$ cat query.txt   # compact mmCIF, N, CA and C atoms
# COMPACT_ATOMS: atom_id res chain seq x y z
N MET A 1 -16.42 -12.94 27.02
CA MET A 1 -15.58 -13.14 25.86
C MET A 1 -14.55 -12.01 25.77
N GLY A 2 -13.33 -12.35 25.39
CA GLY A 2 -12.28 -11.36 25.25
C GLY A 2 -12.19 -10.84 23.83
N GLU A 3 -11.21 -10.00 23.61
CA GLU A 3 -10.98 -9.47 22.27
C GLU A 3 -10.50 -10.57 21.35
N ARG A 4 -10.78 -10.42 20.07
CA ARG A 4 -10.28 -11.39 19.12
C ARG A 4 -8.81 -11.15 18.87
N LYS A 5 -8.12 -12.19 18.56
CA LYS A 5 -6.68 -12.10 18.27
C LYS A 5 -6.50 -11.48 16.88
N PRO A 6 -5.58 -10.49 16.74
CA PRO A 6 -5.37 -9.90 15.41
C PRO A 6 -4.77 -10.92 14.44
N THR A 7 -5.15 -10.80 13.19
CA THR A 7 -4.62 -11.71 12.18
C THR A 7 -3.17 -11.36 11.88
N ARG A 8 -2.45 -12.27 11.22
CA ARG A 8 -1.06 -11.99 10.84
C ARG A 8 -1.00 -10.79 9.91
N ARG A 9 -1.97 -10.68 9.02
CA ARG A 9 -2.02 -9.54 8.10
C ARG A 9 -2.16 -8.23 8.88
N GLU A 10 -3.07 -8.20 9.85
CA GLU A 10 -3.27 -6.99 10.64
C GLU A 10 -2.02 -6.61 11.42
N VAL A 11 -1.36 -7.61 11.99
CA VAL A 11 -0.12 -7.36 12.73
C VAL A 11 0.94 -6.82 11.78
N PHE A 12 1.09 -7.44 10.62
CA PHE A 12 2.08 -7.00 9.65
C PHE A 12 1.84 -5.55 9.24
N LEU A 13 0.58 -5.21 8.93
CA LEU A 13 0.27 -3.85 8.50
C LEU A 13 0.48 -2.84 9.62
N GLN A 14 0.23 -3.24 10.86
CA GLN A 14 0.50 -2.35 12.00
C GLN A 14 1.99 -2.09 12.15
N VAL A 15 2.79 -3.14 12.02
CA VAL A 15 4.24 -2.99 12.12
C VAL A 15 4.75 -2.13 10.96
N MET A 16 4.25 -2.37 9.78
CA MET A 16 4.64 -1.59 8.61
C MET A 16 4.33 -0.11 8.84
N GLU A 17 3.19 0.17 9.44
CA GLU A 17 2.79 1.55 9.72
C GLU A 17 3.75 2.22 10.71
N GLN A 18 4.23 1.47 11.68
CA GLN A 18 5.12 2.02 12.71
C GLN A 18 6.56 2.17 12.24
N VAL A 19 7.02 1.27 11.39
CA VAL A 19 8.43 1.20 11.03
C VAL A 19 8.81 2.15 9.88
N ILE A 20 7.91 2.34 8.94
CA ILE A 20 8.25 3.10 7.73
C ILE A 20 7.88 4.57 7.91
N PRO A 21 8.81 5.48 7.61
CA PRO A 21 8.53 6.92 7.72
C PRO A 21 7.74 7.42 6.51
N TRP A 22 6.46 7.11 6.46
CA TRP A 22 5.63 7.41 5.30
C TRP A 22 5.69 8.88 4.90
N ASP A 23 5.52 9.77 5.89
CA ASP A 23 5.48 11.20 5.57
C ASP A 23 6.76 11.68 4.91
N LEU A 24 7.90 11.20 5.40
CA LEU A 24 9.19 11.58 4.83
C LEU A 24 9.33 11.07 3.39
N LEU A 25 8.94 9.82 3.17
CA LEU A 25 9.01 9.25 1.83
C LEU A 25 8.07 9.96 0.86
N ILE A 26 6.87 10.23 1.32
CA ILE A 26 5.89 10.91 0.46
C ILE A 26 6.38 12.30 0.09
N LYS A 27 6.96 13.00 1.05
CA LYS A 27 7.47 14.34 0.78
C LYS A 27 8.56 14.31 -0.29
N GLY A 28 9.40 13.27 -0.30
CA GLY A 28 10.45 13.15 -1.30
C GLY A 28 9.94 12.76 -2.68
N ILE A 29 8.85 12.01 -2.72
CA ILE A 29 8.31 11.52 -3.99
C ILE A 29 7.34 12.51 -4.63
N GLU A 30 6.62 13.25 -3.81
CA GLU A 30 5.52 14.10 -4.28
C GLU A 30 5.87 15.01 -5.46
N PRO A 31 7.04 15.66 -5.48
CA PRO A 31 7.32 16.54 -6.63
C PRO A 31 7.37 15.79 -7.97
N TYR A 32 7.63 14.50 -7.94
CA TYR A 32 7.77 13.71 -9.17
C TYR A 32 6.55 12.86 -9.49
N TYR A 33 5.59 12.82 -8.59
CA TYR A 33 4.42 11.96 -8.76
C TYR A 33 3.45 12.61 -9.74
N PRO A 34 2.86 11.81 -10.64
CA PRO A 34 1.96 12.39 -11.64
C PRO A 34 0.74 13.07 -11.00
N LYS A 35 0.40 14.20 -11.58
CA LYS A 35 -0.77 14.94 -11.12
C LYS A 35 -1.76 15.02 -12.28
N ALA A 36 -3.00 15.25 -11.95
CA ALA A 36 -4.02 15.39 -13.00
C ALA A 36 -3.67 16.59 -13.85
N GLY A 37 -3.68 16.41 -15.13
CA GLY A 37 -3.30 17.49 -16.04
C GLY A 37 -4.40 17.82 -17.02
N LEU A 38 -4.05 18.59 -17.99
CA LEU A 38 -5.01 19.00 -19.01
C LEU A 38 -5.41 17.84 -19.91
N GLN A 39 -4.57 16.80 -19.98
CA GLN A 39 -4.86 15.67 -20.86
C GLN A 39 -6.07 14.88 -20.37
N GLY A 40 -6.46 15.09 -19.15
CA GLY A 40 -7.58 14.33 -18.59
C GLY A 40 -7.11 12.96 -18.16
N GLY A 41 -7.95 11.99 -18.33
CA GLY A 41 -7.59 10.64 -17.93
C GLY A 41 -7.96 10.38 -16.48
N ARG A 42 -7.65 9.20 -16.07
CA ARG A 42 -7.98 8.77 -14.73
C ARG A 42 -6.99 9.36 -13.73
N PRO A 43 -7.45 9.82 -12.59
CA PRO A 43 -6.52 10.35 -11.60
C PRO A 43 -5.66 9.23 -11.02
N ALA A 44 -4.45 9.57 -10.64
CA ALA A 44 -3.54 8.58 -10.06
C ALA A 44 -4.02 8.20 -8.65
N TYR A 45 -3.64 7.00 -8.22
CA TYR A 45 -3.91 6.62 -6.84
C TYR A 45 -3.07 7.50 -5.93
N PRO A 46 -3.50 7.68 -4.68
CA PRO A 46 -2.70 8.46 -3.75
C PRO A 46 -1.29 7.87 -3.59
N ILE A 47 -0.33 8.75 -3.35
CA ILE A 47 1.07 8.32 -3.23
C ILE A 47 1.23 7.25 -2.16
N LYS A 48 0.59 7.45 -1.03
CA LYS A 48 0.75 6.51 0.09
C LYS A 48 0.28 5.11 -0.30
N VAL A 49 -0.80 5.04 -1.06
CA VAL A 49 -1.31 3.74 -1.51
C VAL A 49 -0.30 3.06 -2.42
N MET A 50 0.20 3.80 -3.40
CA MET A 50 1.14 3.22 -4.36
C MET A 50 2.46 2.83 -3.68
N LEU A 51 2.89 3.62 -2.72
CA LEU A 51 4.12 3.33 -2.00
C LEU A 51 3.97 2.06 -1.17
N ARG A 52 2.84 1.91 -0.52
CA ARG A 52 2.58 0.68 0.26
C ARG A 52 2.56 -0.54 -0.66
N ILE A 53 1.91 -0.40 -1.80
CA ILE A 53 1.86 -1.50 -2.75
C ILE A 53 3.26 -1.86 -3.22
N TYR A 54 4.07 -0.85 -3.48
CA TYR A 54 5.45 -1.08 -3.91
C TYR A 54 6.22 -1.87 -2.85
N PHE A 55 6.10 -1.46 -1.59
CA PHE A 55 6.78 -2.17 -0.52
C PHE A 55 6.29 -3.61 -0.40
N LEU A 56 4.98 -3.81 -0.42
CA LEU A 56 4.42 -5.16 -0.33
C LEU A 56 4.91 -6.02 -1.48
N GLN A 57 4.93 -5.46 -2.67
CA GLN A 57 5.37 -6.20 -3.85
C GLN A 57 6.82 -6.66 -3.69
N ASN A 58 7.66 -5.80 -3.17
CA ASN A 58 9.06 -6.16 -2.98
C ASN A 58 9.25 -7.14 -1.83
N TRP A 59 8.56 -6.96 -0.72
CA TRP A 59 8.71 -7.85 0.42
C TRP A 59 8.28 -9.27 0.08
N TYR A 60 7.20 -9.39 -0.71
CA TYR A 60 6.69 -10.72 -1.02
C TYR A 60 7.16 -11.25 -2.37
N GLY A 61 7.92 -10.46 -3.10
CA GLY A 61 8.48 -10.91 -4.37
C GLY A 61 7.45 -11.12 -5.46
N TYR A 62 6.39 -10.31 -5.44
CA TYR A 62 5.35 -10.44 -6.45
C TYR A 62 5.73 -9.73 -7.74
N ALA A 63 5.40 -10.34 -8.87
CA ALA A 63 5.47 -9.65 -10.16
C ALA A 63 4.27 -8.70 -10.21
N ASP A 64 4.26 -7.80 -11.16
CA ASP A 64 3.19 -6.81 -11.25
C ASP A 64 1.80 -7.46 -11.30
N LEU A 65 1.64 -8.45 -12.17
CA LEU A 65 0.33 -9.11 -12.29
C LEU A 65 -0.06 -9.86 -11.03
N SER A 66 0.91 -10.49 -10.39
CA SER A 66 0.63 -11.21 -9.15
C SER A 66 0.19 -10.25 -8.05
N MET A 67 0.84 -9.10 -7.99
CA MET A 67 0.48 -8.10 -6.98
C MET A 67 -0.92 -7.57 -7.25
N GLU A 68 -1.22 -7.33 -8.52
CA GLU A 68 -2.56 -6.85 -8.87
C GLU A 68 -3.63 -7.86 -8.46
N GLU A 69 -3.38 -9.14 -8.73
CA GLU A 69 -4.34 -10.18 -8.33
C GLU A 69 -4.50 -10.23 -6.82
N ALA A 70 -3.38 -10.15 -6.10
CA ALA A 70 -3.43 -10.17 -4.64
C ALA A 70 -4.23 -8.99 -4.10
N LEU A 71 -4.07 -7.84 -4.71
CA LEU A 71 -4.81 -6.66 -4.27
C LEU A 71 -6.31 -6.84 -4.46
N TYR A 72 -6.69 -7.36 -5.62
CA TYR A 72 -8.12 -7.57 -5.87
C TYR A 72 -8.70 -8.66 -4.98
N GLU A 73 -7.95 -9.72 -4.77
CA GLU A 73 -8.43 -10.82 -3.93
C GLU A 73 -8.61 -10.38 -2.48
N ASN A 74 -7.70 -9.58 -1.99
CA ASN A 74 -7.71 -9.19 -0.58
C ASN A 74 -8.31 -7.82 -0.33
N GLU A 75 -8.78 -7.17 -1.38
CA GLU A 75 -9.38 -5.85 -1.27
C GLU A 75 -8.47 -4.87 -0.52
N VAL A 76 -7.17 -4.98 -0.76
CA VAL A 76 -6.20 -4.15 -0.06
C VAL A 76 -6.35 -2.69 -0.44
N LEU A 77 -6.66 -2.41 -1.69
CA LEU A 77 -6.77 -1.01 -2.12
C LEU A 77 -7.81 -0.27 -1.29
N ARG A 78 -8.89 -0.93 -0.96
CA ARG A 78 -9.95 -0.29 -0.20
C ARG A 78 -9.43 0.10 1.18
N ARG A 79 -8.61 -0.74 1.80
CA ARG A 79 -8.08 -0.46 3.13
C ARG A 79 -7.03 0.62 3.12
N PHE A 80 -6.23 0.70 2.07
CA PHE A 80 -5.14 1.67 2.01
C PHE A 80 -5.62 3.06 1.66
N ALA A 81 -6.69 3.14 0.91
CA ALA A 81 -7.15 4.44 0.42
C ALA A 81 -7.64 5.33 1.55
$ encode --input "query.txt" --output "structure tokens"
Amino acid sequence: MGERKPTRREVFLQVMEQVIPWDLLIKGIEPYYPKAGLQGGRPAYPIKVMLRIYFLQNWYGYADLSMEEALYENEVLRRFA
């Protein structure tokens, strides 16, 4: 038996990883990204996770609630973290 064929999702995420300069984008956003403060509260998701979600939301034209549902259905947050 040979290797299994990668899914379209896996191929898309691999291409996204190769094409987008994540480190450069993160470096530009990091000074403005919320950090845990004295107010407490829940810590923010990592910048890279939120940036990937933002790109996916725009590429697929999802509204905020639709993107949230897609993330929960596909367990994307677990893979990005």
$ select_by_dssp --input "query.txt" --residues "chain A" --states "helix (DSSP H, G or I)" --output "PyMOL selection string"
chain A and resi 8-19+22-32+47-60+64-74+76-80
$ atom_distance --input "query.txt" --atom1 "atom N of Trp22 in chain A" --atom2 "CA of Lys48 in chain A"
8.6 Å
$ residues_near_point --input "query.txt" --point "(2.1, -7.2, -5.5)" --cutoff "8 Å" --atoms "all atoms listed in the file" --output "PyMOL selection string"
chain A and resi 53-58+60-71
